[in-house]
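Student: One file: structure-v4.csv (CSV, C-alpha atoms).
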chain,number,residue,atom,x,y,z
A,1,MET,CA,26.3,-9.5,10.5
A,2,SER,CA,28.3,-6.6,9.3
A,3,PRO,CA,27.8,-5.5,5.7
A,4,TRP,CA,31.6,-5.8,5.1
A,5,LEU,CA,31.5,-9.4,6.1
A,6,LEU,CA,28.4,-10.1,4.1
A,7,ALA,CA,30.0,-8.4,1.1
A,8,MET,CA,33.1,-10.6,1.4
A,9,ALA,CA,31.2,-13.8,2.0
A,10,GLY,CA,28.9,-13.1,-1.0
A,11,GLY,CA,31.9,-12.1,-3.1
A,12,ALA,CA,33.7,-15.3,-2.1
A,13,MET,CA,30.7,-17.3,-3.2
A,14,ILE,CA,30.6,-15.5,-6.5
A,15,GLY,CA,34.3,-16.3,-7.0
A,16,ALA,CA,33.7,-19.9,-6.1
A,17,ALA,CA,30.8,-20.3,-8.4
A,18,SER,CA,32.9,-18.8,-11.2
A,19,GLY,CA,35.6,-21.3,-10.4
A,20,LEU,CA,33.2,-24.1,-10.6
A,21,LEU,CA,32.0,-23.1,-14.0
A,22,LEU,CA,35.6,-22.9,-15.2
A,23,LEU,CA,36.4,-26.3,-13.8
A,24,THR,CA,33.4,-28.1,-15.1
A,25,HIS,CA,32.7,-26.3,-18.4
A,26,GLY,CA,35.9,-24.3,-19.1
A,27,ARG,CA,33.8,-21.2,-19.3
A,28,ILE,CA,34.0,-17.6,-18.0
A,29,ALA,CA,31.2,-16.7,-15.7
A,30,GLY,CA,30.3,-13.5,-17.5
A,31,VAL,CA,26.6,-13.1,-16.9
A,32,SER,CA,26.1,-10.5,-19.7
A,33,GLY,CA,27.8,-12.9,-22.2
A,34,ILE,CA,25.8,-15.9,-21.1
A,35,ALA,CA,22.5,-14.0,-21.1
A,36,ALA,CA,23.1,-12.6,-24.6
A,37,SER,CA,24.1,-16.0,-26.0
A,38,VAL,CA,20.7,-17.4,-25.4
A,39,LEU,CA,19.1,-14.7,-27.5
A,40,PRO,CA,18.5,-15.5,-31.2
A,41,PRO,CA,20.7,-16.3,-33.0
A,42,ALA,CA,21.6,-18.4,-30.0
A,43,ALA,CA,24.8,-20.2,-29.4
A,44,PRO,CA,24.8,-23.9,-30.3
A,45,ASP,CA,25.6,-25.2,-26.8
A,46,LEU,CA,22.5,-23.8,-25.2
A,47,GLY,CA,22.3,-26.4,-22.4
A,48,TRP,CA,24.9,-25.2,-19.9
A,49,ARG,CA,24.0,-21.6,-20.6
A,50,LEU,CA,20.3,-22.0,-19.8
A,51,ALA,CA,21.2,-24.1,-16.8
A,52,PHE,CA,23.4,-21.4,-15.4
A,53,LEU,CA,20.8,-18.8,-15.9
A,54,GLY,CA,18.3,-21.1,-14.4
A,55,GLY,CA,20.4,-21.3,-11.3
A,56,LEU,CA,20.3,-17.5,-11.0
A,57,VAL,CA,16.5,-17.7,-11.5
A,58,ALA,CA,16.3,-20.3,-8.8
A,59,ALA,CA,18.2,-18.1,-6.4
A,60,GLY,CA,15.7,-15.3,-7.1
A,61,LEU,CA,12.8,-17.6,-6.5
A,62,ALA,CA,14.4,-18.9,-3.3
A,63,ALA,CA,14.9,-15.3,-2.1
A,64,ARG,CA,11.3,-14.5,-2.7
A,65,LEU,CA,10.3,-17.5,-0.5
A,66,ILE,CA,12.9,-17.3,2.3
A,67,ALA,CA,14.7,-14.0,2.3
A,68,PRO,CA,12.7,-11.3,0.5
A,69,ALA,CA,14.6,-8.5,2.2
A,70,ALA,CA,17.7,-9.5,0.2
A,71,ILE,CA,16.0,-8.2,-2.9
A,72,GLY,CA,16.1,-4.4,-2.6
A,73,GLY,CA,13.5,-2.2,-3.9
A,74,ALA,CA,14.2,0.1,-6.9
A,75,VAL,CA,15.7,3.5,-6.0
A,76,ARG,CA,14.7,5.1,-9.3
A,77,SER,CA,11.4,5.2,-11.2
A,78,LEU,CA,10.4,2.5,-13.7
A,79,PRO,CA,11.2,4.6,-16.8
A,80,ILE,CA,14.7,5.2,-15.4
A,81,MET,CA,15.1,1.4,-14.7
A,82,ILE,CA,14.2,0.8,-18.4
A,83,ILE,CA,16.7,3.3,-19.6
A,84,ALA,CA,19.3,1.8,-17.3
A,85,GLY,CA,18.5,-1.7,-18.6
A,86,LEU,CA,18.9,-0.6,-22.2
A,87,ALA,CA,22.3,1.0,-21.4
A,88,VAL,CA,23.5,-2.0,-19.5
A,89,GLY,CA,22.3,-4.4,-22.2
A,90,TYR,CA,23.9,-2.4,-25.1
A,91,GLY,CA,27.0,-1.4,-23.2
A,92,THR,CA,27.9,-4.9,-21.8
A,93,ARG,CA,27.8,-6.4,-25.3
A,94,LEU,CA,29.6,-3.5,-26.9
A,95,GLY,CA,32.3,-3.7,-24.2
A,96,GLY,CA,32.3,-7.5,-24.1
A,97,GLY,CA,31.5,-7.9,-20.4
A,98,CYS,CA,30.2,-6.6,-17.1
A,99,THR,CA,31.0,-6.7,-13.4
A,100,SER,CA,31.3,-10.5,-13.4
A,101,GLY,CA,33.0,-11.0,-16.8
A,102,HIS,CA,35.5,-8.1,-16.6
A,103,GLY,CA,35.4,-7.3,-12.9
A,104,VAL,CA,35.7,-10.7,-11.4
A,105,CYS,CA,37.0,-13.1,-14.1
A,106,GLY,CA,39.0,-10.6,-16.1
A,107,ILE,CA,40.8,-8.8,-13.3
A,108,SER,CA,41.8,-12.1,-11.7
A,109,ARG,CA,43.4,-13.2,-15.0
A,110,LEU,CA,45.2,-9.9,-15.1
A,111,SER,CA,43.6,-9.1,-18.5
A,112,ARG,CA,44.5,-5.7,-19.8
A,113,ARG,CA,41.2,-5.3,-21.5
A,114,SER,CA,39.4,-6.0,-18.2
A,115,PHE,CA,41.4,-3.6,-16.2
A,116,VAL,CA,40.5,-0.9,-18.6
A,117,ALA,CA,36.9,-1.9,-18.8
A,118,VAL,CA,36.6,-1.9,-15.0
A,119,ALA,CA,38.3,1.4,-14.6
A,120,VAL,CA,35.9,2.9,-17.2
A,121,PHE,CA,32.7,1.5,-15.9
A,122,MET,CA,33.6,2.3,-12.3
A,123,ALA,CA,34.3,5.9,-13.4
A,124,THR,CA,31.0,6.4,-15.3
A,125,GLY,CA,29.1,4.4,-12.7
A,126,VAL,CA,30.4,6.7,-9.9
A,127,ALA,CA,29.8,9.8,-12.0
A,128,THR,CA,26.3,8.9,-13.0
A,129,ALA,CA,25.2,7.8,-9.5
A,130,THR,CA,26.8,10.9,-7.9
A,131,LEU,CA,25.3,13.3,-10.4
A,132,VAL,CA,21.8,11.8,-10.2
A,133,GLY,CA,22.1,11.7,-6.4
A,134,ALA,CA,23.0,15.3,-6.3
A,135,ALA,CA,20.2,16.2,-8.6
A,136,SER,CA,17.5,14.3,-6.6
S,1,MET,CA,36.6,-24.1,-32.0
S,2,THR,CA,33.4,-26.1,-31.1
S,3,ALA,CA,33.1,-28.3,-28.1
S,4,ALA,CA,33.7,-32.0,-28.8
S,5,PRO,CA,30.3,-33.7,-28.7
S,6,ARG,CA,29.9,-35.7,-25.5
S,7,CYS,CA,27.4,-38.5,-25.8
S,8,GLY,CA,25.7,-40.1,-22.9
S,9,ARG,CA,22.6,-38.9,-21.0
S,10,ARG,CA,24.4,-39.2,-17.7
S,11,ARG,CA,27.1,-36.9,-18.8
S,12,ARG,CA,24.6,-34.4,-20.2
S,13,ALA,CA,22.6,-34.5,-17.0
S,14,MET,CA,25.8,-33.9,-15.0
S,15,SER,CA,26.7,-31.0,-17.3
S,16,LEU,CA,23.3,-29.3,-16.8
S,17,ALA,CA,23.3,-30.0,-13.0
S,18,LEU,CA,26.8,-28.6,-12.5
S,19,ALA,CA,26.1,-25.5,-14.6
S,20,GLY,CA,22.8,-25.0,-12.7
S,21,LEU,CA,24.7,-25.4,-9.4
S,22,ALA,CA,27.2,-22.8,-10.4
S,23,GLY,CA,24.4,-20.4,-11.3
S,24,ALA,CA,22.6,-21.0,-8.0
S,25,LEU,CA,25.8,-20.5,-6.0
S,26,PHE,CA,26.5,-17.3,-8.0
S,27,GLY,CA,23.0,-16.1,-7.4
S,28,ALA,CA,23.2,-16.8,-3.7
S,29,GLY,CA,26.5,-14.9,-3.5
S,30,LEU,CA,24.8,-11.9,-5.2
S,31,LEU,CA,22.0,-12.0,-2.7
S,32,ILE,CA,24.2,-12.3,0.4
S,33,SER,CA,26.7,-9.7,-0.8
S,34,GLY,CA,24.0,-7.0,-1.3
S,35,MET,CA,24.4,-6.7,-5.1
S,36,THR,CA,20.7,-7.3,-5.5
S,37,GLN,CA,19.9,-4.1,-3.5
S,38,PRO,CA,19.9,-1.1,-5.8
S,39,ALA,CA,20.1,1.2,-2.8
S,40,ARG,CA,23.3,-0.4,-1.6
S,41,VAL,CA,24.9,-0.3,-5.1
S,42,ILE,CA,23.9,3.3,-5.6
S,43,GLY,CA,25.1,4.0,-2.0
S,44,PHE,CA,28.5,2.6,-3.2
S,45,LEU,CA,28.6,4.4,-6.5
S,46,ASP,CA,27.2,7.7,-5.2
S,47,VAL,CA,30.2,9.3,-3.5
S,48,GLY,CA,28.4,12.5,-2.8
S,49,SER,CA,26.4,11.7,0.3
S,50,ALA,CA,26.7,9.0,3.0
S,51,TRP,CA,29.2,6.9,1.0
S,52,ASP,CA,29.0,3.2,1.6
S,53,PRO,CA,32.3,1.6,0.4
S,54,SER,CA,31.5,-1.9,1.7
S,55,LEU,CA,30.5,-3.2,-1.8
S,56,ALA,CA,34.1,-2.9,-2.9
S,57,PHE,CA,34.7,-6.1,-1.0
S,58,VAL,CA,32.3,-8.0,-3.2
S,59,MET,CA,34.3,-7.6,-6.4
S,60,GLY,CA,37.5,-7.7,-4.4
S,61,GLY,CA,36.5,-10.9,-2.6
S,62,ALA,CA,35.2,-12.5,-5.7
S,63,ALA,CA,38.3,-11.6,-7.8
S,64,LEU,CA,40.6,-12.9,-5.0
S,65,VAL,CA,38.9,-16.3,-4.7
S,66,TYR,CA,38.7,-16.6,-8.5
S,67,ALA,CA,42.3,-15.6,-9.0
S,68,ILE,CA,43.4,-18.5,-6.8
S,69,LEU,CA,41.0,-21.0,-8.4
S,70,PHE,CA,41.8,-19.9,-11.9
S,71,ARG,CA,45.5,-20.4,-11.4
S,72,GLN,CA,45.0,-23.8,-9.8
S,73,ILE,CA,42.7,-25.1,-12.4
S,74,GLN,CA,44.7,-23.9,-15.4
S,75,ARG,CA,47.9,-25.3,-13.8
S,76,ARG,CA,46.5,-28.7,-13.1
S,77,ARG,CA,44.4,-29.3,-16.1
S,78,THR,CA,44.6,-29.1,-19.9
S,79,ALA,CA,40.8,-29.3,-20.2
S,80,PRO,CA,37.7,-28.9,-18.0
S,81,TRP,CA,35.7,-31.8,-16.8
S,82,LEU,CA,33.0,-31.8,-19.4
S,83,ASP,CA,34.5,-30.1,-22.5
S,84,ALA,CA,37.4,-30.7,-24.7
S,85,ALA,CA,39.1,-27.3,-24.0
S,86,PHE,CA,39.0,-24.2,-21.9
S,87,HIS,CA,37.2,-21.2,-23.5
S,88,VAL,CA,39.1,-18.3,-22.0
S,89,PRO,CA,39.1,-15.0,-23.9
S,90,THR,CA,42.3,-14.2,-25.7
S,91,ARG,CA,41.6,-10.7,-27.0
S,92,ARG,CA,44.1,-8.2,-25.8
S,93,GLU,CA,43.5,-5.0,-27.7
S,94,ILE,CA,42.0,-2.0,-26.0
S,95,ASP,CA,39.7,-0.5,-28.6
S,96,ARG,CA,36.9,2.1,-28.9
S,97,SER,CA,34.2,-0.5,-28.5
S,98,LEU,CA,35.6,-1.7,-25.2
S,99,ILE,CA,35.8,1.8,-23.8
S,100,ALA,CA,32.5,3.0,-25.2
S,101,GLY,CA,30.8,-0.2,-24.1
S,102,ALA,CA,32.2,-0.1,-20.6
S,103,ALA,CA,31.3,3.6,-20.3
S,104,LEU,CA,27.7,3.0,-21.3
S,105,PHE,CA,27.4,0.0,-19.0
S,106,GLY,CA,28.7,2.1,-16.1
S,107,VAL,CA,26.1,4.8,-16.8
S,108,GLY,CA,23.3,2.2,-16.8
S,109,TRP,CA,24.7,0.6,-13.6
S,110,GLY,CA,25.0,4.0,-11.9
S,111,LEU,CA,21.5,4.9,-13.0
S,112,GLY,CA,19.6,1.9,-11.9
S,113,GLY,CA,21.9,0.2,-9.4
S,114,LEU,CA,21.5,-3.1,-11.1
S,115,CYS,CA,23.9,-5.1,-13.4
S,116,PRO,CA,23.0,-8.2,-15.4
S,117,GLY,CA,23.3,-10.9,-12.7
S,118,PRO,CA,21.5,-9.1,-9.9
S,119,GLY,CA,18.9,-7.9,-12.4
S,120,ILE,CA,18.1,-11.5,-13.4
S,121,VAL,CA,17.9,-12.6,-9.7
S,122,SER,CA,15.7,-9.6,-8.9
S,123,ALA,CA,13.4,-10.2,-11.8
S,124,ALA,CA,13.1,-13.9,-10.9
S,125,SER,CA,12.0,-12.9,-7.4
S,126,GLY,CA,9.1,-11.0,-8.9
S,127,ASN,CA,10.4,-7.5,-8.4
S,128,ALA,CA,8.7,-5.3,-10.9
S,129,ALA,CA,11.7,-3.0,-11.4
S,130,GLY,CA,13.9,-6.0,-11.9
S,131,VAL,CA,11.6,-7.4,-14.6
S,132,ALA,CA,11.5,-4.1,-16.4
S,133,PHE,CA,15.3,-3.8,-16.1
S,134,VAL,CA,16.0,-7.3,-17.5
S,135,ALA,CA,13.5,-6.9,-20.4
S,136,ALA,CA,15.1,-3.6,-21.4
S,137,MET,CA,18.6,-5.2,-20.9
S,138,LEU,CA,17.7,-8.1,-23.2
S,139,LEU,CA,16.4,-5.6,-25.8
S,140,GLY,CA,19.6,-3.6,-25.5
S,141,MET,CA,21.7,-6.7,-26.0
S,142,HIS,CA,19.7,-7.7,-29.0
S,143,LEU,CA,20.0,-4.2,-30.5
S,144,GLN,CA,23.8,-4.2,-30.1
S,145,ARG,CA,24.2,-7.7,-31.6
S,146,ARG,CA,22.1,-6.7,-34.5
S,147,SER,CA,24.1,-3.5,-35.1
S,148,ALA,CA,27.3,-5.5,-35.0
S,149,ARG,CA,26.3,-7.9,-37.8
Produce structure tokens that represent the structure in this file.

Tutor:
Amino acid sequence: MSPWLLAMAGGAMIGAASGLLLLTHGRIAGVSGIAASVLPPAAPDLGWRLAFLGGLVAAGLAARLIAPAAIGGAVRSLPIMIIAGLAVGYGTRLGGGCTSGHGVCGISRLSRRSFVAVAVFMATGVATATLVGAAS
Amino acid sequence: MTAAPRCGRRRRAMSLALAGLAGALFGAGLLISGMTQPARVIGFLDVGSAWDPSLAFVMGGAALVYAILFRQIQRRRTAPWLDAAFHVPTRREIDRSLIAGAALFGVGWGLGGLCPGPGIVSAASGNAAGVAFVAAMLLGMHLQRRSAR
């Protein structure tokens, strides 16, 4: 199947899942926010948060069993992945969202904050990947 | 505003099951779309060589579907199924934290090719880089929250 079609199909599923969470729990499917909220001091309503994260984990486990090729190998070294993780963790909380929170849910709601956030993280994302790619 | 307490084990079971279903569907979407492949993400963000723009359709497709669902849900309902009210962000100001945070997140995403959701899925599948990424990500989140207190 063409990568464009797969991208759209996967994207549609992400949108649908986000819609489901909104309908059932009234919550924005921002993964960085949900993940952070289970860290101490955790939010009081831990149940749905852990369940959602559990669903992501289940998807990962299923991939390991039936579609391991869907999990791509790392492009960068382990130390770089750690630095990347630190930056993503700190940055998503400072900025109040990530690709799902701002990019999917925020943009669709025409949120001004999200438009700015997406423009900024796309710009630095492209700059970083391009510079590192040129240097490699 | 806290959620109204909902008693009843059945309701609670439904709440967890539906949230879990949303998470699993979300995760499946990430896997199918290619977001869990750092090489594809970097291929999209690295515009220098062999640019692969197809990942744009992930966010685009997701936002389009969500825009439709969001409108329909907000139009037809005053509250979600299992809570007393919707919890939709209301902040509108564009401040330094938003810009600095987004910038830093973008650097991390461009460096590693993973963002939070795909990172968690990858880690759960046993991928070593994914595990390292998520552990560091949680630490980064913790450090930011601590600094904000």

Student: When you count only C-alpha atoms, which of these residues is closest to chain A: S:Ala56, S:Ala63, S:Met35, S:Leu114?

Tutor: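 Checking each candidate against chain A, we get S:Ala63 as the closest.
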
Student: For a test of reading the model, state the distance in Å between CA of Leu23 (chain A) and CA of Thr36 (chain S), rounded to one decimal.

Tutor: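 Going from CA of Leu23 (chain A) over to CA of Thr36 (chain S) covers 26.0 Å.
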
Student: Using only C-alpha atoms, which protein or nucleic acid residues come within 12 Å of region 124-129 of chain A? Drop anything in the same chain fewer than 5 positions from it, and give the result as a ChimeraX atom specification.

Tutor: /A:75-76,84,87-88,91,98-99,117-119,134-136 /S:38-49,51,53,99-115

Student: So that I can see what lies close to Gly89 (chain A), please list as a ChimeraX atom specification the residues with an atom at most 9 Å from it, counting all atoms listed in the file and leaving out residues fewer than 4 positions away in the same chain.

Tutor: /A:32,36,84-85,93-94 /S:105,108,115-116,134,136-144

Student: Quick one, how far is CA of Thr130 (chain A) from CA of Ala128 (chain S)?

Tutor: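 Separation between CA of Thr130 (chain A) and CA of Ala128 (chain S): 24.5 Å.
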
Student: Have a look at CA of Arg71 (chain S) and CA of Gly19 (chain A) and let me know their distance in Å, one decimal.

Tutor: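 Calculated distance between CA of Arg71 (chain S) and CA of Gly19 (chain A) is 10.0 Å.
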
Student: Would you mind telling me which residue in S:Gln72, S:Ser54, S:Ser147, S:Thr78 lies nearest to chain A when using only C-alpha atoms?

Tutor: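 When distances to chain A are compared using only C-alpha atoms, the smallest one comes from S:Ser54.
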
Student: Which is closest to chain A among S:Arg11, S:Gly23, S:Ala135, S:Gly119, if we use all atoms listed in the file?

Tutor: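 Closest candidate: S:Gly23.
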
Student: Find the residues near Met59 (chain S): any atom within 9 Å, counting all atoms listed in the file, skip ones fewer than 3 places away on the same chain, and give them as a PyMOL selection string.

Tutor: (chain A and resi 7-8+11-12+14-15+99-100+103-104) or (chain S and resi 55-56+62-64)

Student: Which residue out of S:Ala13, S:Ala50, S:Leu82, S:Gly8 has the minimum interatomic distance to Gly133 (chain A) when only C-alpha atoms are used?

Tutor: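 The closest residue to Gly133 (chain A) is S:Ala50.
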
Student: Do a neighbour search on region 122-126 of chain S at 12 Å with only C-alpha atoms, toss out local chain neighbours closer than 5 positions, and write the hits as a VMD selection string.

Tutor: (chain A and resid 53 to 74) or (chain S and resid 27 to 28 30 to 31 34 to 38 113 to 117 131 to 137)

Student: Quick one: residues within 10 Å of region 42-52 of chain A, only C-alpha atoms, excluding same-chain residues fewer than 5 positions away - as a PyMOL selection string?

Tutor: (chain A and resi 21+25+27+29+31+33-37+57-58) or (chain S and resi 2-3+5+12-13+15-27)

Student: Counting all atoms listed in the file, which residue out of S:Asn127, S:Pro118, S:Thr90, S:Gly29 sits closest to chain A?

Tutor: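 Closest candidate: S:Gly29.
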
Student: My list of candidates is S:Met14, S:Leu98, S:Arg9, S:Arg77. Which is closest to chain A when distances are computed with all atoms listed in the file?

Tutor: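 Closest to chain A of all the choices is S:Leu98.
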